$ cat target.cif   # mmCIF, C-alpha atoms
data_my_file
loop_
_atom_site.label_atom_id
_atom_site.label_comp_id
_atom_site.auth_asym_id
_atom_site.auth_seq_id
_atom_site.Cartn_x
_atom_site.Cartn_y
_atom_site.Cartn_z
CA MET Z 1 -15.78 -44.18 94.67
CA THR Z 2 -13.91 -41.77 92.40
CA ASP Z 3 -15.90 -39.01 90.59
CA GLU Z 4 -15.07 -39.40 86.87
CA ARG Z 5 -17.23 -36.51 85.55
CA PRO Z 6 -15.47 -33.89 83.45
CA SER Z 7 -13.91 -31.00 85.23
CA GLU Z 8 -16.34 -28.59 83.52
CA ALA Z 9 -19.29 -30.34 85.10
CA ARG Z 10 -17.59 -30.24 88.47
CA LYS Z 11 -17.17 -26.49 88.03
CA GLY Z 12 -20.91 -26.04 87.53
CA GLN Z 13 -20.90 -25.69 83.69
CA ALA Z 14 -23.56 -27.44 81.59
CA PRO Z 15 -22.33 -30.24 79.33
CA PRO Z 16 -22.42 -29.62 75.54
CA PRO Z 17 -25.62 -30.69 73.79
CA ALA Z 18 -25.75 -34.10 72.17
CA ASN Z 19 -26.60 -32.76 68.64
CA PRO Z 20 -25.16 -29.27 68.28
CA ARG Z 21 -26.53 -27.17 65.38
CA ARG Z 22 -23.99 -26.24 62.69
CA ALA Z 23 -23.15 -22.61 62.25
CA PRO Z 24 -24.41 -21.21 58.90
CA TRP Z 25 -21.73 -20.97 56.17
CA ARG Z 26 -21.08 -17.39 55.13
CA MET Z 27 -19.81 -16.50 51.68
CA PRO Z 28 -16.61 -14.44 51.80
CA ALA Z 29 -16.95 -10.84 50.70
CA ASP Z 30 -14.40 -11.17 47.90
CA LEU Z 31 -16.24 -14.19 46.46
CA ARG Z 32 -19.53 -12.29 46.46
CA SER Z 33 -17.92 -9.33 44.75
CA THR Z 34 -16.35 -11.60 42.11
CA ALA Z 35 -19.69 -13.24 41.40
CA LEU Z 36 -21.31 -9.81 41.12
CA VAL Z 37 -18.63 -8.67 38.68
CA VAL Z 38 -19.18 -11.77 36.53
CA LEU Z 39 -22.94 -11.20 36.48
CA VAL Z 40 -22.49 -7.54 35.54
CA LEU Z 41 -20.06 -8.53 32.77
CA LEU Z 42 -22.49 -11.08 31.33
CA ALA Z 43 -25.33 -8.56 31.49
CA GLY Z 44 -23.15 -6.00 29.72
CA ILE Z 45 -22.26 -8.46 26.95
CA TYR Z 46 -25.93 -9.34 26.46
CA THR Z 47 -26.87 -5.65 26.34
CA LEU Z 48 -24.16 -4.86 23.79
CA ASN Z 49 -25.34 -7.69 21.57
CA TRP Z 50 -29.04 -6.90 22.00
CA ALA Z 51 -28.66 -3.16 21.39
CA SER Z 52 -26.02 -3.40 18.66
CA ALA Z 53 -28.16 -1.34 16.28
CA VAL Z 54 -27.76 1.57 18.70
CA PHE Z 55 -24.20 1.10 19.93
CA ILE Z 56 -22.56 0.52 16.54
CA PRO Z 57 -23.60 3.88 14.97
CA LEU Z 58 -22.82 5.60 18.25
CA MET Z 59 -19.28 4.19 18.35
CA PHE Z 60 -18.67 5.01 14.70
CA GLY Z 61 -19.88 8.56 15.24
CA LEU Z 62 -17.57 8.88 18.25
CA MET Z 63 -14.59 7.57 16.26
CA PHE Z 64 -15.23 9.86 13.31
CA SER Z 65 -15.61 12.82 15.65
CA TYR Z 66 -12.21 12.01 17.17
CA ALA Z 67 -10.68 11.81 13.69
CA LEU Z 68 -12.26 15.01 12.34
CA THR Z 69 -11.96 17.22 15.44
CA PRO Z 70 -8.49 18.62 14.49
CA VAL Z 71 -9.80 19.72 11.08
CA VAL Z 72 -12.86 21.40 12.60
CA ASP Z 73 -10.66 23.10 15.23
CA ARG Z 74 -8.44 24.49 12.50
CA MET Z 75 -11.44 25.78 10.53
CA GLN Z 76 -12.76 27.38 13.70
CA ARG Z 77 -9.43 29.20 14.14
CA TRP Z 78 -10.04 30.57 10.65
CA HIS Z 79 -13.18 32.26 12.07
CA VAL Z 80 -15.58 29.69 10.59
CA PRO Z 81 -18.48 28.86 12.95
CA ARG Z 82 -18.00 25.41 14.41
CA ALA Z 83 -21.38 24.03 13.33
CA LEU Z 84 -20.87 25.34 9.78
CA ALA Z 85 -17.34 23.88 9.67
CA ALA Z 86 -18.61 20.48 10.83
CA GLY Z 87 -21.42 20.48 8.26
CA LEU Z 88 -19.17 21.50 5.38
CA LEU Z 89 -16.58 18.87 6.30
CA ILE Z 90 -19.12 16.03 6.52
CA LEU Z 91 -20.84 17.06 3.28
CA GLY Z 92 -17.47 17.23 1.53
CA LEU Z 93 -16.49 13.77 2.72
CA LEU Z 94 -19.84 12.25 1.74
CA GLY Z 95 -19.67 13.91 -1.67
CA GLY Z 96 -16.13 12.65 -2.28
CA ILE Z 97 -17.02 9.09 -1.26
CA GLY Z 98 -20.16 9.16 -3.41
CA SER Z 99 -18.29 10.42 -6.48
CA LEU Z 100 -15.62 7.74 -6.02
CA ILE Z 101 -18.24 5.00 -5.78
CA TYR Z 102 -20.06 6.32 -8.85
CA SER Z 103 -16.87 6.50 -10.91
CA LEU Z 104 -15.99 2.89 -10.06
CA SER Z 105 -19.53 1.47 -10.14
CA ASP Z 106 -19.15 -0.12 -13.60
CA ASP Z 107 -15.87 -1.83 -12.70
CA ALA Z 108 -17.27 -2.96 -9.36
CA THR Z 109 -20.40 -4.42 -10.98
CA ALA Z 110 -18.37 -6.28 -13.60
CA LEU Z 111 -16.04 -7.54 -10.88
CA ILE Z 112 -18.89 -8.89 -8.75
CA GLU Z 113 -20.64 -10.47 -11.74
CA SER Z 114 -17.45 -12.32 -12.67
CA LEU Z 115 -17.12 -14.01 -9.27
CA PRO Z 116 -19.57 -16.91 -9.92
CA THR Z 117 -17.87 -17.66 -13.26
CA ALA Z 118 -14.51 -17.64 -11.50
CA ALA Z 119 -15.81 -20.07 -8.90
CA GLN Z 120 -17.04 -22.44 -11.62
CA GLU Z 121 -13.69 -22.22 -13.39
CA LEU Z 122 -11.90 -23.03 -10.14
CA ARG Z 123 -14.19 -26.03 -9.58
CA ARG Z 124 -13.47 -27.25 -13.11
CA LYS Z 125 -9.72 -26.91 -12.59
CA VAL Z 126 -9.86 -28.81 -9.33
CA ARG Z 127 -11.85 -31.63 -10.90
CA SER Z 128 -9.38 -31.78 -13.78
CA VAL Z 129 -6.48 -32.09 -11.37
CA GLN Z 130 -8.34 -34.80 -9.45
CA ARG Z 131 -8.96 -36.77 -12.65
CA GLN Z 132 -5.30 -36.57 -13.58
CA ALA Z 133 -4.34 -37.81 -10.13
CA GLU Z 134 -6.67 -40.83 -10.27
CA GLY Z 135 -5.14 -44.28 -10.46
CA PRO Z 136 -6.17 -47.18 -12.74
CA ILE Z 137 -8.57 -48.67 -10.20
CA GLU Z 138 -10.38 -45.36 -9.66
CA LYS Z 139 -10.70 -44.84 -13.44
CA VAL Z 140 -12.19 -48.31 -13.96
CA GLN Z 141 -14.60 -47.80 -11.08
CA LYS Z 142 -15.65 -44.41 -12.42
CA ALA Z 143 -16.18 -45.83 -15.95
CA ALA Z 144 -18.31 -48.65 -14.57
CA THR Z 145 -20.41 -46.17 -12.59
CA GLN Z 146 -20.95 -44.02 -15.69
CA LEU Z 147 -21.96 -47.06 -17.76
CA GLN Z 148 -24.46 -48.12 -15.11
CA GLN Z 149 -25.96 -44.64 -14.98
CA ALA Z 150 -26.24 -44.52 -18.78
CA ALA Z 151 -27.97 -47.92 -18.86
CA GLU Z 152 -30.49 -46.83 -16.23
CA GLU Z 153 -31.21 -43.60 -18.10
CA ASN Z 154 -31.81 -45.51 -21.35
CA ARG Z 155 -34.27 -47.90 -19.66
CA SER Z 156 -36.22 -45.10 -17.94
CA ALA Z 157 -36.12 -42.49 -20.73
CA PRO Z 158 -39.23 -42.37 -22.99
CA VAL Z 159 -38.79 -42.82 -26.69
CA ALA Z 160 -38.89 -39.45 -28.41
CA SER Z 161 -41.25 -39.08 -31.33
CA LYS Z 162 -39.94 -37.93 -34.66
CA GLY Z 163 -40.18 -34.25 -35.33
CA VAL Z 164 -40.14 -33.29 -31.64
CA THR Z 165 -37.64 -30.59 -30.80
CA ARG Z 166 -35.54 -31.21 -27.73
CA VAL Z 167 -35.58 -28.30 -25.32
CA GLN Z 168 -32.67 -27.61 -22.97
CA ILE Z 169 -33.12 -25.19 -20.09
CA GLU Z 170 -30.09 -23.04 -19.29
CA LYS Z 171 -29.68 -21.26 -16.01
CA PRO Z 172 -29.48 -17.48 -16.32
CA LYS Z 173 -26.17 -15.82 -15.62
CA PHE Z 174 -25.55 -14.09 -12.36
CA ASN Z 175 -26.65 -10.46 -12.49
CA VAL Z 176 -25.75 -8.25 -9.56
CA ASN Z 177 -28.48 -5.75 -10.45
CA ASP Z 178 -31.13 -8.39 -9.71
CA TYR Z 179 -29.71 -8.96 -6.26
CA LEU Z 180 -29.46 -5.24 -5.62
CA TRP Z 181 -33.07 -4.83 -6.67
CA THR Z 182 -34.30 -7.65 -4.45
CA GLY Z 183 -32.15 -6.35 -1.60
CA THR Z 184 -33.47 -2.80 -1.78
CA LEU Z 185 -34.62 -2.87 1.84
CA GLY Z 186 -31.17 -3.93 3.00
CA LEU Z 187 -29.58 -1.22 0.88
CA PHE Z 188 -31.93 1.39 2.32
CA GLY Z 189 -31.11 0.12 5.80
CA LEU Z 190 -27.39 0.59 5.14
CA VAL Z 191 -27.99 4.10 3.81
CA GLY Z 192 -30.08 4.86 6.88
CA GLN Z 193 -27.29 3.67 9.19
CA MET Z 194 -24.80 5.84 7.31
CA ALA Z 195 -27.11 8.84 7.69
CA ILE Z 196 -27.39 8.19 11.45
CA VAL Z 197 -23.59 8.01 11.75
CA ALA Z 198 -23.25 11.24 9.75
CA PHE Z 199 -25.72 13.09 12.00
CA LEU Z 200 -24.10 11.75 15.17
CA THR Z 201 -20.69 12.85 13.93
CA PHE Z 202 -22.03 16.29 13.05
CA PHE Z 203 -23.61 16.83 16.48
CA MET Z 204 -20.48 15.63 18.29
CA LEU Z 205 -18.25 17.91 16.21
CA ALA Z 206 -20.58 20.87 16.63
CA ALA Z 207 -20.75 20.34 20.40
CA GLY Z 208 -16.99 20.69 20.71
CA ASP Z 209 -15.65 20.08 24.20
CA SER Z 210 -18.94 20.64 26.03
CA PHE Z 211 -19.28 16.91 26.85
CA ARG Z 212 -15.67 16.88 27.95
CA ARG Z 213 -16.32 19.68 30.42
CA LYS Z 214 -19.41 17.89 31.73
CA LEU Z 215 -17.46 14.67 32.28
CA VAL Z 216 -14.77 16.55 34.17
CA LYS Z 217 -17.44 18.27 36.25
CA ILE Z 218 -19.19 15.05 37.28
CA ALA Z 219 -15.92 13.12 37.80
CA GLY Z 220 -15.71 14.19 41.45
CA PRO Z 221 -15.28 17.17 43.72
CA SER Z 222 -11.56 16.78 44.31
CA PHE Z 223 -8.88 18.26 42.08
CA VAL Z 224 -7.13 14.88 41.78
CA GLU Z 225 -10.21 13.20 40.33
CA LYS Z 226 -10.76 16.01 37.84
CA ARG Z 227 -7.10 15.90 36.76
CA MET Z 228 -7.27 12.13 36.34
CA THR Z 229 -10.35 12.47 34.14
CA VAL Z 230 -8.69 15.13 31.98
CA GLU Z 231 -5.55 13.02 31.55
CA ALA Z 232 -7.60 9.94 30.62
CA LEU Z 233 -9.65 11.88 28.05
CA ASP Z 234 -6.52 13.44 26.55
CA GLU Z 235 -4.80 10.06 26.30
CA ILE Z 236 -7.86 8.40 24.71
CA THR Z 237 -8.17 11.23 22.18
CA ARG Z 238 -4.47 11.13 21.33
CA GLN Z 239 -4.29 7.36 20.89
CA ILE Z 240 -7.45 7.07 18.80
CA GLN Z 241 -6.47 9.96 16.55
CA ARG Z 242 -3.03 8.46 15.94
CA TYR Z 243 -4.50 5.01 15.34
CA LEU Z 244 -7.06 6.30 12.83
CA LEU Z 245 -4.47 8.43 11.04
CA VAL Z 246 -2.11 5.48 10.69
CA GLN Z 247 -4.90 3.18 9.49
CA LEU Z 248 -6.05 5.69 6.89
CA PHE Z 249 -2.53 6.29 5.62
CA VAL Z 250 -1.68 2.59 5.43
CA SER Z 251 -4.97 1.72 3.74
CA VAL Z 252 -4.38 4.34 1.05
CA LEU Z 253 -0.88 2.98 0.45
CA VAL Z 254 -2.18 -0.59 0.22
CA GLY Z 255 -4.89 0.48 -2.23
CA VAL Z 256 -2.48 2.39 -4.47
CA ALA Z 257 0.10 -0.42 -4.40
CA THR Z 258 -2.55 -3.03 -5.23
CA TRP Z 259 -3.87 -0.94 -8.11
CA LEU Z 260 -0.40 -0.36 -9.61
CA VAL Z 261 0.74 -3.98 -9.24
CA PHE Z 262 -2.46 -5.42 -10.70
CA LEU Z 263 -2.32 -2.88 -13.52
CA TRP Z 264 1.26 -3.97 -14.29
CA ILE Z 265 0.25 -7.64 -14.26
CA GLY Z 266 -2.71 -6.90 -16.53
CA LEU Z 267 -5.55 -7.95 -14.22
CA ASP Z 268 -8.93 -6.55 -15.17
CA HIS Z 269 -10.60 -3.93 -12.95
CA ALA Z 270 -7.34 -3.03 -11.23
CA ALA Z 271 -8.74 0.28 -9.92
CA ALA Z 272 -11.71 -1.49 -8.33
CA TRP Z 273 -9.33 -3.99 -6.73
CA GLY Z 274 -7.33 -1.09 -5.30
CA VAL Z 275 -10.42 0.38 -3.63
CA VAL Z 276 -11.46 -3.05 -2.30
CA ALA Z 277 -7.97 -3.64 -0.89
CA ALA Z 278 -7.93 -0.20 0.78
CA VAL Z 279 -11.34 -0.71 2.40
CA LEU Z 280 -10.79 -4.31 3.52
CA ASN Z 281 -7.39 -3.41 4.94
CA LEU Z 282 -9.32 -1.75 7.78
CA VAL Z 283 -10.68 -5.17 8.79
CA PRO Z 284 -7.96 -6.90 10.83
CA TYR Z 285 -6.73 -10.33 9.73
CA ILE Z 286 -9.71 -11.20 7.51
CA GLY Z 287 -9.55 -8.35 5.00
CA SER Z 288 -6.13 -9.27 3.61
CA ALA Z 289 -7.14 -12.94 3.25
CA VAL Z 290 -10.31 -12.00 1.33
CA VAL Z 291 -8.40 -9.73 -1.07
CA THR Z 292 -5.69 -12.32 -1.74
CA ALA Z 293 -8.13 -15.18 -2.32
CA GLY Z 294 -10.46 -13.09 -4.50
CA ALA Z 295 -7.64 -11.71 -6.63
CA ALA Z 296 -6.20 -15.18 -7.19
CA LEU Z 297 -9.63 -16.49 -8.18
CA LEU Z 298 -10.17 -13.71 -10.72
CA GLY Z 299 -6.63 -14.22 -12.01
CA LEU Z 300 -7.45 -17.88 -12.66
CA LEU Z 301 -10.58 -16.88 -14.56
CA GLN Z 302 -8.85 -14.25 -16.68
CA PHE Z 303 -5.52 -15.90 -17.48
CA GLY Z 304 -6.48 -19.58 -17.15
CA SER Z 305 -3.04 -20.67 -15.95
CA ILE Z 306 -1.75 -21.69 -12.56
CA GLU Z 307 1.39 -19.57 -12.98
CA MET Z 308 -0.51 -16.29 -13.45
CA THR Z 309 -2.89 -17.21 -10.65
CA LEU Z 310 0.04 -17.69 -8.29
CA LEU Z 311 1.55 -14.42 -9.52
CA VAL Z 312 -1.61 -12.44 -8.77
CA GLY Z 313 -2.19 -14.07 -5.39
CA GLY Z 314 1.48 -13.85 -4.46
CA ALA Z 315 1.67 -10.15 -5.35
CA SER Z 316 -1.35 -9.39 -3.17
CA LEU Z 317 0.08 -11.53 -0.36
CA VAL Z 318 3.42 -9.72 -0.49
CA ILE Z 319 1.68 -6.34 -0.23
CA GLN Z 320 -0.34 -7.54 2.77
CA ILE Z 321 2.75 -9.00 4.48
CA VAL Z 322 4.76 -5.79 4.03
CA GLU Z 323 1.84 -3.78 5.41
CA GLY Z 324 1.05 -6.08 8.32
CA TYR Z 325 4.54 -6.99 9.51
CA LEU Z 326 6.64 -3.97 8.56
CA LEU Z 327 4.76 -0.80 7.73
CA THR Z 328 1.96 -0.81 10.30
CA PRO Z 329 4.14 -1.84 13.30
CA LEU Z 330 6.73 0.75 12.29
CA LEU Z 331 4.18 3.57 12.11
CA THR Z 332 2.05 2.62 15.08
CA GLY Z 333 5.00 1.93 17.36
CA ARG Z 334 3.73 1.78 20.90
CA ILE Z 335 0.45 3.61 20.35
CA ALA Z 336 -1.77 0.80 21.53
CA LYS Z 337 0.68 -0.53 24.16
CA MET Z 338 -1.18 -3.84 24.19
CA SER Z 339 -0.16 -7.44 23.75
CA PRO Z 340 -0.75 -8.96 20.28
CA VAL Z 341 -2.58 -11.83 21.97
CA VAL Z 342 -4.94 -9.37 23.66
CA VAL Z 343 -5.48 -7.51 20.38
CA PHE Z 344 -6.32 -10.72 18.51
CA ALA Z 345 -8.62 -11.98 21.26
CA GLY Z 346 -10.31 -8.59 21.55
CA VAL Z 347 -10.94 -8.36 17.82
CA LEU Z 348 -12.32 -11.92 17.92
CA VAL Z 349 -14.71 -11.10 20.78
CA TRP Z 350 -15.96 -7.86 19.26
CA GLY Z 351 -16.35 -9.57 15.91
CA TRP Z 352 -18.47 -12.21 17.63
CA LEU Z 353 -20.61 -9.48 19.19
CA TRP Z 354 -21.03 -7.07 16.28
CA GLY Z 355 -19.75 -8.90 13.20
CA ILE Z 356 -17.50 -7.03 10.81
CA TRP Z 357 -18.34 -3.73 12.51
CA GLY Z 358 -17.05 -5.13 15.78
CA MET Z 359 -13.78 -6.08 14.12
CA LEU Z 360 -13.40 -2.47 12.96
CA LEU Z 361 -14.24 -1.01 16.36
CA GLY Z 362 -12.60 -3.62 18.59
CA LEU Z 363 -9.10 -2.18 18.87
CA PRO Z 364 -10.12 1.47 19.54
CA ILE Z 365 -12.51 0.27 22.24
CA LEU Z 366 -9.77 -1.82 23.84
CA MET Z 367 -7.42 1.16 23.75
CA ALA Z 368 -9.95 3.34 25.57
CA VAL Z 369 -10.62 0.61 28.14
CA LYS Z 370 -6.90 0.20 28.83
CA VAL Z 371 -6.37 3.94 29.31
CA ILE Z 372 -9.21 4.06 31.85
CA CYS Z 373 -7.98 0.95 33.69
CA ASP Z 374 -4.44 2.33 33.95
CA ARG Z 375 -5.71 5.39 35.82
CA VAL Z 376 -8.17 3.78 38.25
CA ASP Z 377 -6.57 2.02 41.19
CA ASP Z 378 -9.15 -0.76 41.43
CA LEU Z 379 -8.88 -1.48 37.67
CA LYS Z 380 -5.10 -1.39 37.33
CA PRO Z 381 -4.81 -5.22 37.32
CA ILE Z 382 -7.04 -5.27 34.23
CA GLY Z 383 -4.87 -2.61 32.60
CA GLU Z 384 -1.78 -4.68 33.39
CA LEU Z 385 -3.44 -7.74 31.85
CA LEU Z 386 -4.22 -5.82 28.66
CA GLY Z 387 -0.71 -4.34 28.40
CA GLU Z 388 2.38 -5.69 26.69
#

$ encode --input "target.cif" --output "structure tokens"
Amino acid sequence: MTDERPSEARKGQAPPPANPRRAPWRMPADLRSTALVVLVLLAGIYTLNWASAVFIPLMFGLMFSYALTPVVDRMQRWHVPRALAAGLLILGLLGGIGSLIYSLSDDATALIESLPTAAQELRRKVRSVQRQAEGPIEKVQKAATQLQQAAEENRSAPVASKGVTRVQIEKPKFNVNDYLWTGTLGLFGLVGQMAIVAFLTFFMLAAGDSFRRKLVKIAGPSFVEKRMTVEALDEITRQIQRYLLVQLFVSVLVGVATWLVFLWIGLDHAAAWGVVAAVLNLVPYIGSAVVTAGAALLGLLQFGSIEMTLLVGGASLVIQIVEGYLLTPLLTGRIAKMSPVVVFAGVLVWGWLWGIWGMLLGLPILMAVKVICDRVDDLKPIGELLGE
């Protein structure tokens, strides 16, 4: 009889078990590292949102210190102590901003108080246009509805006795001072945040390059690591200073152009509109839309005609288009070296995290992140993703 057992059994080896246990599945190292990076990113986003009251003043102080460092360095070369130069510069800037706000406070108050009236006028115009566009059927239906409402009011209204004076209650007009008074705590909070930013800027300017030397010292023992840190810090400083200088210059031009154009048209509070346009120009994408819509609304209230409203809104829109599509790209050039899609998405994300302050700080933060990623080998793919 032929032996049909496997050859392994004939060789003295034990047959495999009937129910072998499966080997445990091991997660690849790259998958674990990716999951860890995602968790760290989510934790960082939560921390930035949770501690926004700390990070926002800190980032503004850092930005202002970058912008004002050349002026303080020049004053120091004139044999002015650095701390004294930083204090004088900050006090001068705060005094100039305060005097400008005080000189335009009356125009700004009148401008804000006129906004609700302008909104009511716009609503009335829209309803008038809708009534003109109604057809015969809609007019008959509307008349029938009004007759039914009048009949119901007559049945339910009590008969007024003779000699009784009818009293009509009118809503008070909008007064911005009332809202400022009720929002005193919010105003004090804003002033407190500004004071914190001013002190942070002063300490950073007075410290000079001491933090820079400490960062270079802790970067690593090798000369290559120290040189890489110095190059990254120099590039971040250069890009942020150029960006802030261009933004300041362009905002001043937009404010002056808005003031002169609105003054030529005859719009009330043209100087206040110039300041508003200059300030909101610092807010990407949204600031120009707010200025254009608000100016058109006030033009409708003042002039009462669609032609003048379109003239005011169109003039503001032309100024914003020239600034956004011609002047700013021409002056900035390749400072940011980032894709417009990345810039828009970054501003959107930082605006979601920190509101309007995030929209102001989003692009400088992205610029600093890109500079760091371009100089670290493990982060170069992120720098390539952020680039043009």

$ residues_around --input "target.cif" --residues "Thr69 of chain Z" --least-positions-apart "4" --cutoff "8 Å" --atoms "all atoms listed in the file" --output "list in words"
Ser65, Asp73 and Leu205 of chain Z

$ residues_around --input "target.cif" --residues "Pro57 of chain Z" --least-positions-apart "4" --cutoff "10 Å" --atoms "only C-alpha atoms" --output "list in words"
Ser52, Ala53, Gly61, Leu62, Met63, Gln193, Met194, Ala195, Ile196, Val197, Ala198, Phe199, Leu200, Thr201 and Trp357 of chain Z

$ atom_distance --input "target.cif" --atom1 "atom CA of Ala295 of chain Z" --atom2 "atom CA of Ser316 of chain Z"
7.5 Å

$ residues_around --input "target.cif" --residues "segment 310-312 of chain Z" --least-positions-apart "4" --cutoff "8 Å" --atoms "only C-alpha atoms" --output "PyMOL selection string"
chain Z and resi 262+265+295-296+299+306+316

$ write_last_selection --input "target.cif" --atoms "C-alpha atoms" --output "short mmCIF file (atom, residue, chain, number, x, y, z; two decimals), in the frame of the given file"
data_model
loop_
_atom_site.label_atom_id
_atom_site.label_comp_id
_atom_site.auth_asym_id
_atom_site.auth_seq_id
_atom_site.Cartn_x
_atom_site.Cartn_y
_atom_site.Cartn_z
CA PHE Z 262 -2.46 -5.42 -10.70
CA ILE Z 265 0.25 -7.64 -14.26
CA ALA Z 295 -7.64 -11.71 -6.63
CA ALA Z 296 -6.20 -15.18 -7.19
CA GLY Z 299 -6.63 -14.22 -12.01
CA ILE Z 306 -1.75 -21.69 -12.56
CA SER Z 316 -1.35 -9.39 -3.17
#

$ resolve_selection --input "target.cif" --expression "the PyMOL selection byres ((chain Z and resi 277) around 10)" --output "number ranges by chain"
Z: 251-259, 271-276, 278-282, 287-288, 290-292, 295, 316, 320

$ closest_residue --input "target.cif" --among "Z:Ile321, Z:Leu263, Z:Leu379, Z:Ile45" --to "Trp350 of chain Z" --atoms "all atoms listed in the file"
Z:Ile45

$ residues_around --input "target.cif" --residues "Leu88 of chain Z" --least-positions-apart "4" --cutoff "12 Å" --atoms "only C-alpha atoms" --output "VMD selection string"
chain Z and resid 68 71 to 72 75 80 to 84 92 to 95 198 202 205 to 206

$ atom_distance --input "target.cif" --atom1 "atom CA of Val342 of chain Z" --atom2 "atom CA of Met228 of chain Z"
25.1 Å

$ closest_residue --input "target.cif" --among "Z:Val341, Z:Leu244, Z:Ile382, Z:Ile90" --to "Thr328 of chain Z" --atoms "all atoms listed in the file"
Z:Leu244

$ residues_around --input "target.cif" --residues "Lys380 of chain Z" --least-positions-apart "6" --cutoff "12 Å" --atoms "all atoms listed in the file" --output "mmCIF file with C-alpha atoms, in the frame of the given file"
data_model
loop_
_atom_site.group_PDB
_atom_site.id
_atom_site.type_symbol
_atom_site.label_atom_id
_atom_site.label_comp_id
_atom_site.auth_asym_id
_atom_site.auth_seq_id
_atom_site.Cartn_x
_atom_site.Cartn_y
_atom_site.Cartn_z
ATOM 1 C CA VAL Z 369 -10.620 0.610 28.140
ATOM 2 C CA LYS Z 370 -6.900 0.200 28.830
ATOM 3 C CA VAL Z 371 -6.370 3.940 29.310
ATOM 4 C CA ILE Z 372 -9.210 4.060 31.850
ATOM 5 C CA CYS Z 373 -7.980 0.950 33.690
ATOM 6 C CA ASP Z 374 -4.440 2.330 33.950
ATOM 7 C CA LEU Z 386 -4.220 -5.820 28.660
ATOM 8 C CA GLY Z 387 -0.710 -4.340 28.400
#

$ atom_distance --input "target.cif" --atom1 "atom CA of Gly362 of chain Z" --atom2 "atom CA of Leu348 of chain Z"
8.3 Å

$ closest_residue --input "target.cif" --among "Z:Leu91, Z:Ala368, Z:Ala345, Z:Leu260" --to "Leu233 of chain Z" --atoms "only C-alpha atoms"
Z:Ala368
